[in-house]
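Okay, coords_23.json is below, JSON, C-alpha atoms:
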[["chain", "number", "residue", "atom", "x", "y", "z"],
["A", 1, "MET", "CA", 10.99, 0.56, 67.64],
["A", 2, "ASP", "CA", 14.63, 0.94, 66.64],
["A", 3, "ALA", "CA", 15.83, 0.58, 70.22],
["A", 4, "ALA", "CA", 13.57, -2.44, 70.77],
["A", 5, "LYS", "CA", 15.07, -4.21, 67.75],
["A", 6, "LYS", "CA", 18.58, -3.55, 69.08],
["A", 7, "VAL", "CA", 17.72, -4.86, 72.54],
["A", 8, "ASP", "CA", 16.11, -7.98, 71.06],
["A", 9, "ARG", "CA", 19.16, -8.58, 68.87],
["A", 10, "SER", "CA", 21.42, -8.23, 71.92],
["A", 11, "LEU", "CA", 19.33, -10.70, 73.91],
["A", 12, "LYS", "CA", 19.46, -13.21, 71.05],
["A", 13, "ALA", "CA", 23.22, -12.73, 70.69],
["A", 14, "GLY", "CA", 23.72, -13.33, 74.41],
["A", 15, "ALA", "CA", 21.64, -16.49, 74.28],
["A", 16, "MET", "CA", 23.49, -17.69, 71.19],
["A", 17, "ALA", "CA", 26.89, -16.98, 72.76],
["A", 18, "THR", "CA", 26.04, -18.87, 75.94],
["A", 19, "GLY", "CA", 23.96, -21.64, 74.40],
["A", 20, "CYS", "CA", 20.78, -20.68, 76.22],
["A", 21, "THR", "CA", 17.14, -20.15, 75.45],
["A", 22, "VAL", "CA", 15.71, -16.65, 75.55],
["A", 23, "THR", "CA", 12.04, -15.71, 75.48],
["A", 24, "ILE", "CA", 11.29, -12.13, 74.50],
["A", 25, "ASP", "CA", 7.86, -10.78, 75.42],
["A", 26, "THR", "CA", 7.26, -7.51, 73.59],
["A", 27, "LEU", "CA", 4.59, -5.11, 74.78],
["A", 28, "PRO", "CA", 3.69, -1.78, 73.21],
["A", 29, "GLY", "CA", 4.99, 1.32, 74.91],
["A", 30, "ASN", "CA", 3.73, 4.86, 74.74],
["A", 31, "LEU", "CA", 4.38, 7.05, 71.74],
["A", 32, "PRO", "CA", 6.12, 10.43, 71.90],
["A", 33, "ILE", "CA", 4.05, 13.58, 72.28],
["A", 34, "VAL", "CA", 3.12, 15.43, 69.08],
["A", 35, "PRO", "CA", 2.62, 19.11, 69.97],
["A", 36, "ILE", "CA", 0.05, 21.22, 68.16],
["A", 37, "LYS", "CA", 1.25, 24.13, 66.00],
["A", 38, "ASP", "CA", -0.50, 26.89, 67.95],
["A", 39, "ALA", "CA", -0.87, 26.57, 71.70],
["A", 40, "GLY", "CA", -1.62, 30.27, 72.09],
["A", 41, "VAL", "CA", -4.86, 29.59, 73.93],
["A", 42, "MET", "CA", -2.90, 27.86, 76.71],
["A", 43, "ARG", "CA", -0.42, 30.76, 76.88],
["A", 44, "GLU", "CA", -3.30, 33.21, 77.32],
["A", 45, "VAL", "CA", -5.12, 31.15, 79.93],
["A", 46, "LEU", "CA", -1.99, 30.42, 81.94],
["A", 47, "SER", "CA", -1.02, 34.10, 81.97],
["A", 48, "LEU", "CA", -4.47, 34.96, 83.36],
["A", 49, "VAL", "CA", -4.60, 32.22, 85.98],
["A", 50, "CYS", "CA", -0.97, 32.04, 87.04],
["A", 51, "ASN", "CA", -0.34, 35.78, 87.33],
["A", 52, "ASP", "CA", 3.34, 36.08, 88.35],
["A", 53, "THR", "CA", 4.00, 32.35, 88.66],
["A", 54, "PRO", "CA", 6.66, 31.32, 86.13],
["A", 55, "VAL", "CA", 5.35, 29.22, 83.25],
["A", 56, "THR", "CA", 7.59, 26.91, 81.25],
["A", 57, "GLU", "CA", 6.48, 26.31, 77.69],
["A", 58, "THR", "CA", 7.57, 23.58, 75.35],
["A", 59, "GLY", "CA", 6.73, 23.66, 71.68],
["A", 60, "PRO", "CA", 7.12, 21.75, 68.43],
["A", 61, "ASP", "CA", 10.93, 21.94, 68.56],
["A", 62, "PHE", "CA", 11.14, 20.64, 72.14],
["A", 63, "HIS", "CA", 12.49, 17.11, 72.46],
["A", 64, "SER", "CA", 11.90, 14.99, 75.51],
["A", 65, "THR", "CA", 12.41, 11.35, 76.34],
["A", 66, "SER", "CA", 9.02, 11.47, 78.01],
["A", 67, "SER", "CA", 6.07, 9.60, 76.59],
["A", 68, "GLY", "CA", 2.69, 8.54, 77.84],
["A", 69, "ASP", "CA", -0.91, 7.95, 76.95],
["A", 70, "TYR", "CA", -1.08, 11.63, 76.00],
["A", 71, "GLY", "CA", 1.54, 10.89, 73.33],
["A", 72, "ASP", "CA", -0.54, 8.03, 71.97],
["A", 73, "ILE", "CA", -3.63, 10.19, 71.63],
["A", 74, "SER", "CA", -1.66, 13.15, 70.21],
["A", 75, "CYS", "CA", -0.64, 10.96, 67.26],
["A", 76, "ILE", "CA", -4.31, 10.71, 66.29],
["A", 77, "MET", "CA", -5.87, 14.01, 67.34],
["A", 78, "PRO", "CA", -4.75, 17.47, 68.50],
["A", 79, "LEU", "CA", -4.35, 17.88, 72.25],
["A", 80, "LEU", "CA", -3.35, 20.66, 74.58],
["A", 81, "GLN", "CA", -1.49, 19.67, 77.70],
["A", 82, "PHE", "CA", -0.58, 21.53, 80.83],
["A", 83, "ASN", "CA", 0.75, 20.62, 84.24],
["A", 84, "SER", "CA", -0.27, 22.59, 87.28],
["A", 85, "GLY", "CA", 1.34, 23.23, 90.62],
["A", 86, "GLY", "CA", 0.41, 22.89, 94.23],
["A", 87, "PHE", "CA", 2.00, 19.49, 94.70],
["A", 88, "SER", "CA", 5.31, 18.25, 96.05],
["A", 89, "GLY", "CA", 7.08, 14.94, 95.60],
["A", 90, "GLU", "CA", 7.84, 12.90, 92.54],
["A", 91, "LEU", "CA", 5.28, 12.24, 89.81],
["A", 92, "HIS", "CA", 3.57, 8.84, 89.99],
["A", 93, "CYS", "CA", 5.15, 8.05, 93.38],
["A", 94, "ASP", "CA", 3.72, 7.58, 96.83],
["A", 95, "ASN", "CA", 5.46, 10.70, 98.13],
["A", 96, "VAL", "CA", 3.23, 13.10, 96.16],
["A", 97, "LYS", "CA", 1.20, 15.35, 98.41],
["A", 98, "VAL", "CA", -0.87, 18.48, 98.06],
["A", 99, "GLU", "CA", 1.02, 21.51, 99.38],
["A", 100, "ASP", "CA", -1.28, 24.24, 98.10],
["A", 101, "PRO", "CA", -4.90, 23.07, 97.64],
["A", 102, "TYR", "CA", -5.94, 26.32, 95.92],
["A", 103, "ASP", "CA", -3.19, 26.01, 93.31],
["A", 104, "ALA", "CA", -3.68, 22.27, 92.92],
["A", 105, "TYR", "CA", -7.46, 22.26, 92.56],
["A", 106, "VAL", "CA", -8.94, 25.73, 92.01],
["A", 107, "ASN", "CA", -6.33, 27.04, 89.58],
["A", 108, "THR", "CA", -6.38, 23.76, 87.66],
["A", 109, "ALA", "CA", -10.18, 23.98, 87.35],
["A", 110, "LYS", "CA", -9.86, 27.60, 86.18],
["A", 111, "ILE", "CA", -7.36, 26.55, 83.51],
["A", 112, "PHE", "CA", -9.70, 23.83, 82.22],
["A", 113, "ALA", "CA", -12.75, 26.12, 82.23],
["A", 114, "LEU", "CA", -11.04, 29.09, 80.60],
["A", 115, "SER", "CA", -9.40, 26.86, 77.98],
["A", 116, "ALA", "CA", -12.76, 25.32, 77.07],
["A", 117, "TYR", "CA", -14.39, 28.75, 76.93],
["A", 118, "ARG", "CA", -11.69, 30.25, 74.70],
["A", 119, "LEU", "CA", -11.65, 27.24, 72.39],
["A", 120, "LEU", "CA", -15.44, 27.17, 72.03],
["A", 121, "LYS", "CA", -16.33, 30.88, 71.85],
["A", 122, "ASN", "CA", -17.15, 32.44, 68.46],
["A", 123, "ASN", "CA", -18.62, 29.19, 67.18],
["A", 124, "ALA", "CA", -15.49, 27.24, 68.23],
["A", 125, "GLU", "CA", -13.33, 29.26, 65.83],
["A", 126, "ARG", "CA", -10.04, 28.51, 67.63],
["A", 127, "ALA", "CA", -10.79, 24.84, 68.16],
["A", 128, "LYS", "CA", -11.69, 24.45, 64.49],
["A", 129, "LYS", "CA", -8.44, 26.16, 63.47],
["A", 130, "ILE", "CA", -6.38, 23.81, 65.67],
["A", 131, "ILE", "CA", -8.20, 20.82, 64.22],
["A", 132, "ALA", "CA", -7.76, 22.05, 60.64],
["A", 133, "GLU", "CA", -3.99, 22.59, 61.11],
["A", 134, "PHE", "CA", -3.41, 19.22, 62.75],
["A", 135, "GLU", "CA", -1.70, 16.52, 60.71],
["A", 136, "PRO", "CA", -2.26, 13.15, 62.41],
["A", 137, "LEU", "CA", 0.60, 10.68, 62.34],
["A", 138, "LEU", "CA", -1.77, 7.73, 62.52],
["A", 139, "THR", "CA", -5.41, 6.95, 61.96],
["A", 140, "LYS", "CA", -7.25, 5.19, 64.78],
["A", 141, "GLU", "CA", -7.01, 1.94, 62.83],
["A", 142, "GLN", "CA", -3.27, 2.38, 62.20],
["A", 143, "TYR", "CA", -2.73, 3.06, 65.90],
["A", 144, "ILE", "CA", -4.60, -0.12, 66.89],
["A", 145, "ASP", "CA", -2.67, -2.14, 64.27],
["A", 146, "LEU", "CA", 0.63, -0.72, 65.56],
["A", 147, "MET", "CA", -0.16, -1.55, 69.18],
["A", 148, "GLU", "CA", -1.33, -5.05, 68.31],
["A", 149, "SER", "CA", 1.72, -5.67, 66.11],
["A", 150, "MET", "CA", 3.94, -5.14, 69.15],
["A", 151, "LEU", "CA", 2.22, -7.79, 71.26],
["A", 152, "THR", "CA", 4.58, -10.67, 70.56],
["A", 153, "THR", "CA", 6.33, -13.51, 72.33],
["A", 154, "GLU", "CA", 9.33, -15.07, 70.64],
["A", 155, "THR", "CA", 11.51, -17.90, 71.93],
["A", 156, "TYR", "CA", 14.96, -18.63, 70.58],
["A", 157, "SER", "CA", 16.84, -21.77, 71.60],
["A", 158, "TYR", "CA", 20.54, -22.23, 71.03],
["A", 159, "GLU", "CA", 22.55, -25.35, 71.71],
["A", 160, "PRO", "CA", 25.58, -24.95, 73.92],
["A", 161, "ILE", "CA", 28.91, -25.23, 72.15],
["A", 162, "VAL", "CA", 30.70, -28.31, 73.39],
["A", 163, "TYR", "CA", 34.47, -28.36, 73.07],
["A", 164, "ASN", "CA", 36.51, -31.51, 72.98],
["A", 165, "PHE", "CA", 39.80, -30.58, 74.64],
["A", 166, "GLU", "CA", 41.33, -34.03, 74.27],
["A", 167, "LYS", "CA", 42.31, -33.52, 70.64]]

Now, as a test, write the supplied structure out as C-alpha cells.
Amino acid sequence: MDAAKKVDRSLKAGAMATGCTVTIDTLPGNLPIVPIKDAGVMREVLSLVCNDTPVTETGPDFHSTSSGDYGDISCIMPLLQFNSGGFSGELHCDNVKVEDPYDAYVNTAKIFALSAYRLLKNNAERAKKIIAEFEPLLTKEQYIDLMESMLTTETYSYEPIVYNFEK
C-alpha cells in the first residue's frame, strides 16, 4: 500500500510537471504470506517422503518479496505450504516440464496424504493446536473490504504551463 501511494504520487507529479492528464487504475494485489508458528508436521512428512533430498525450510522470520493467493488466504486462516520437485523450467512459464513423474506426482500425493493423516489423527489434535495458535490479520469481511477498497480509477488533469517569452 505504501509503495502504491508513492507510485501514484509520482505519476501525478509527472502529469502535473508536463501538463498532462493521468488516469490511475488501481487493482488489488496479493498479500504477503503469513507463516504458521509450528510447521513441524510438514518437517516430519517431508523427512519421510524426501529421504535424502535436501529440504529448504522458511519460517516466521523469513522475508520474501513473493506473494500470491496463498498469502491472501494465510491472512485469514492458517495454512501449510510446500513445493515439490520433479519439474524443470521457470514457475508459471511455458518452459515448465515434468522431469521426474514419480517425484512430481507420487511424492506430492504422499506429502498431501501424510500431512492430512498427521493433522487429523488423535481427534485432529495437531490441526486444532495450529488453529488455536493462529492469529488472523484480517477477518473474511475485512479482507473483502480491503480488496474492494483498492479497486479504484482516478483521473487527474493538469493544464500545461504556457510561457510568454516576449516579455

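Interatomic distance, CA of Ile111 (chain A) to CA of Leu46 (chain A): 6.8 Å.
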
Atomic distance CA of Ala15 (chain A) - CA of Thr155 (chain A), expressed in Å with one decimal: 10.5 Å

Separation of CA of Phe82 (chain A) from CA of Leu114 (chain A), in Å and rounded to one decimal: 12.9 Å

Would you mind listing what lies within 12 Å of Thr108 (chain A) as a compact mmCIF listing (two decimals) with C-alpha atoms, in the frame of the given file, with only C-alpha atoms counted and same-chain residues fewer than 3 positions away left out?
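Now in around-v1.txt:
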# COMPACT_ATOMS: atom_id res chain seq x y z
CA VAL A 45 -5.12 31.15 79.93
CA LEU A 46 -1.99 30.42 81.94
CA VAL A 49 -4.60 32.22 85.98
CA CYS A 50 -0.97 32.04 87.04
CA GLN A 81 -1.49 19.67 77.70
CA PHE A 82 -0.58 21.53 80.83
CA ASN A 83 0.75 20.62 84.24
CA SER A 84 -0.27 22.59 87.28
CA GLY A 85 1.34 23.23 90.62
CA GLY A 86 0.41 22.89 94.23
CA PHE A 87 2.00 19.49 94.70
CA ASP A 100 -1.28 24.24 98.10
CA PRO A 101 -4.90 23.07 97.64
CA TYR A 102 -5.94 26.32 95.92
CA ASP A 103 -3.19 26.01 93.31
CA ALA A 104 -3.68 22.27 92.92
CA TYR A 105 -7.46 22.26 92.56
CA ILE A 111 -7.36 26.55 83.51
CA PHE A 112 -9.70 23.83 82.22
CA ALA A 113 -12.75 26.12 82.23
CA LEU A 114 -11.04 29.09 80.60
CA SER A 115 -9.40 26.86 77.98

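Those residues that approach region 21-26 of chain A to within 7 Å, counting all atoms listed in the file, are Lys12, Ala15, Met150, Leu151, Thr152, Thr153, Glu154, Thr155, Tyr156, Ser157 and Tyr158 of chain A; same-chain residues fewer than 5 positions away are not listed.
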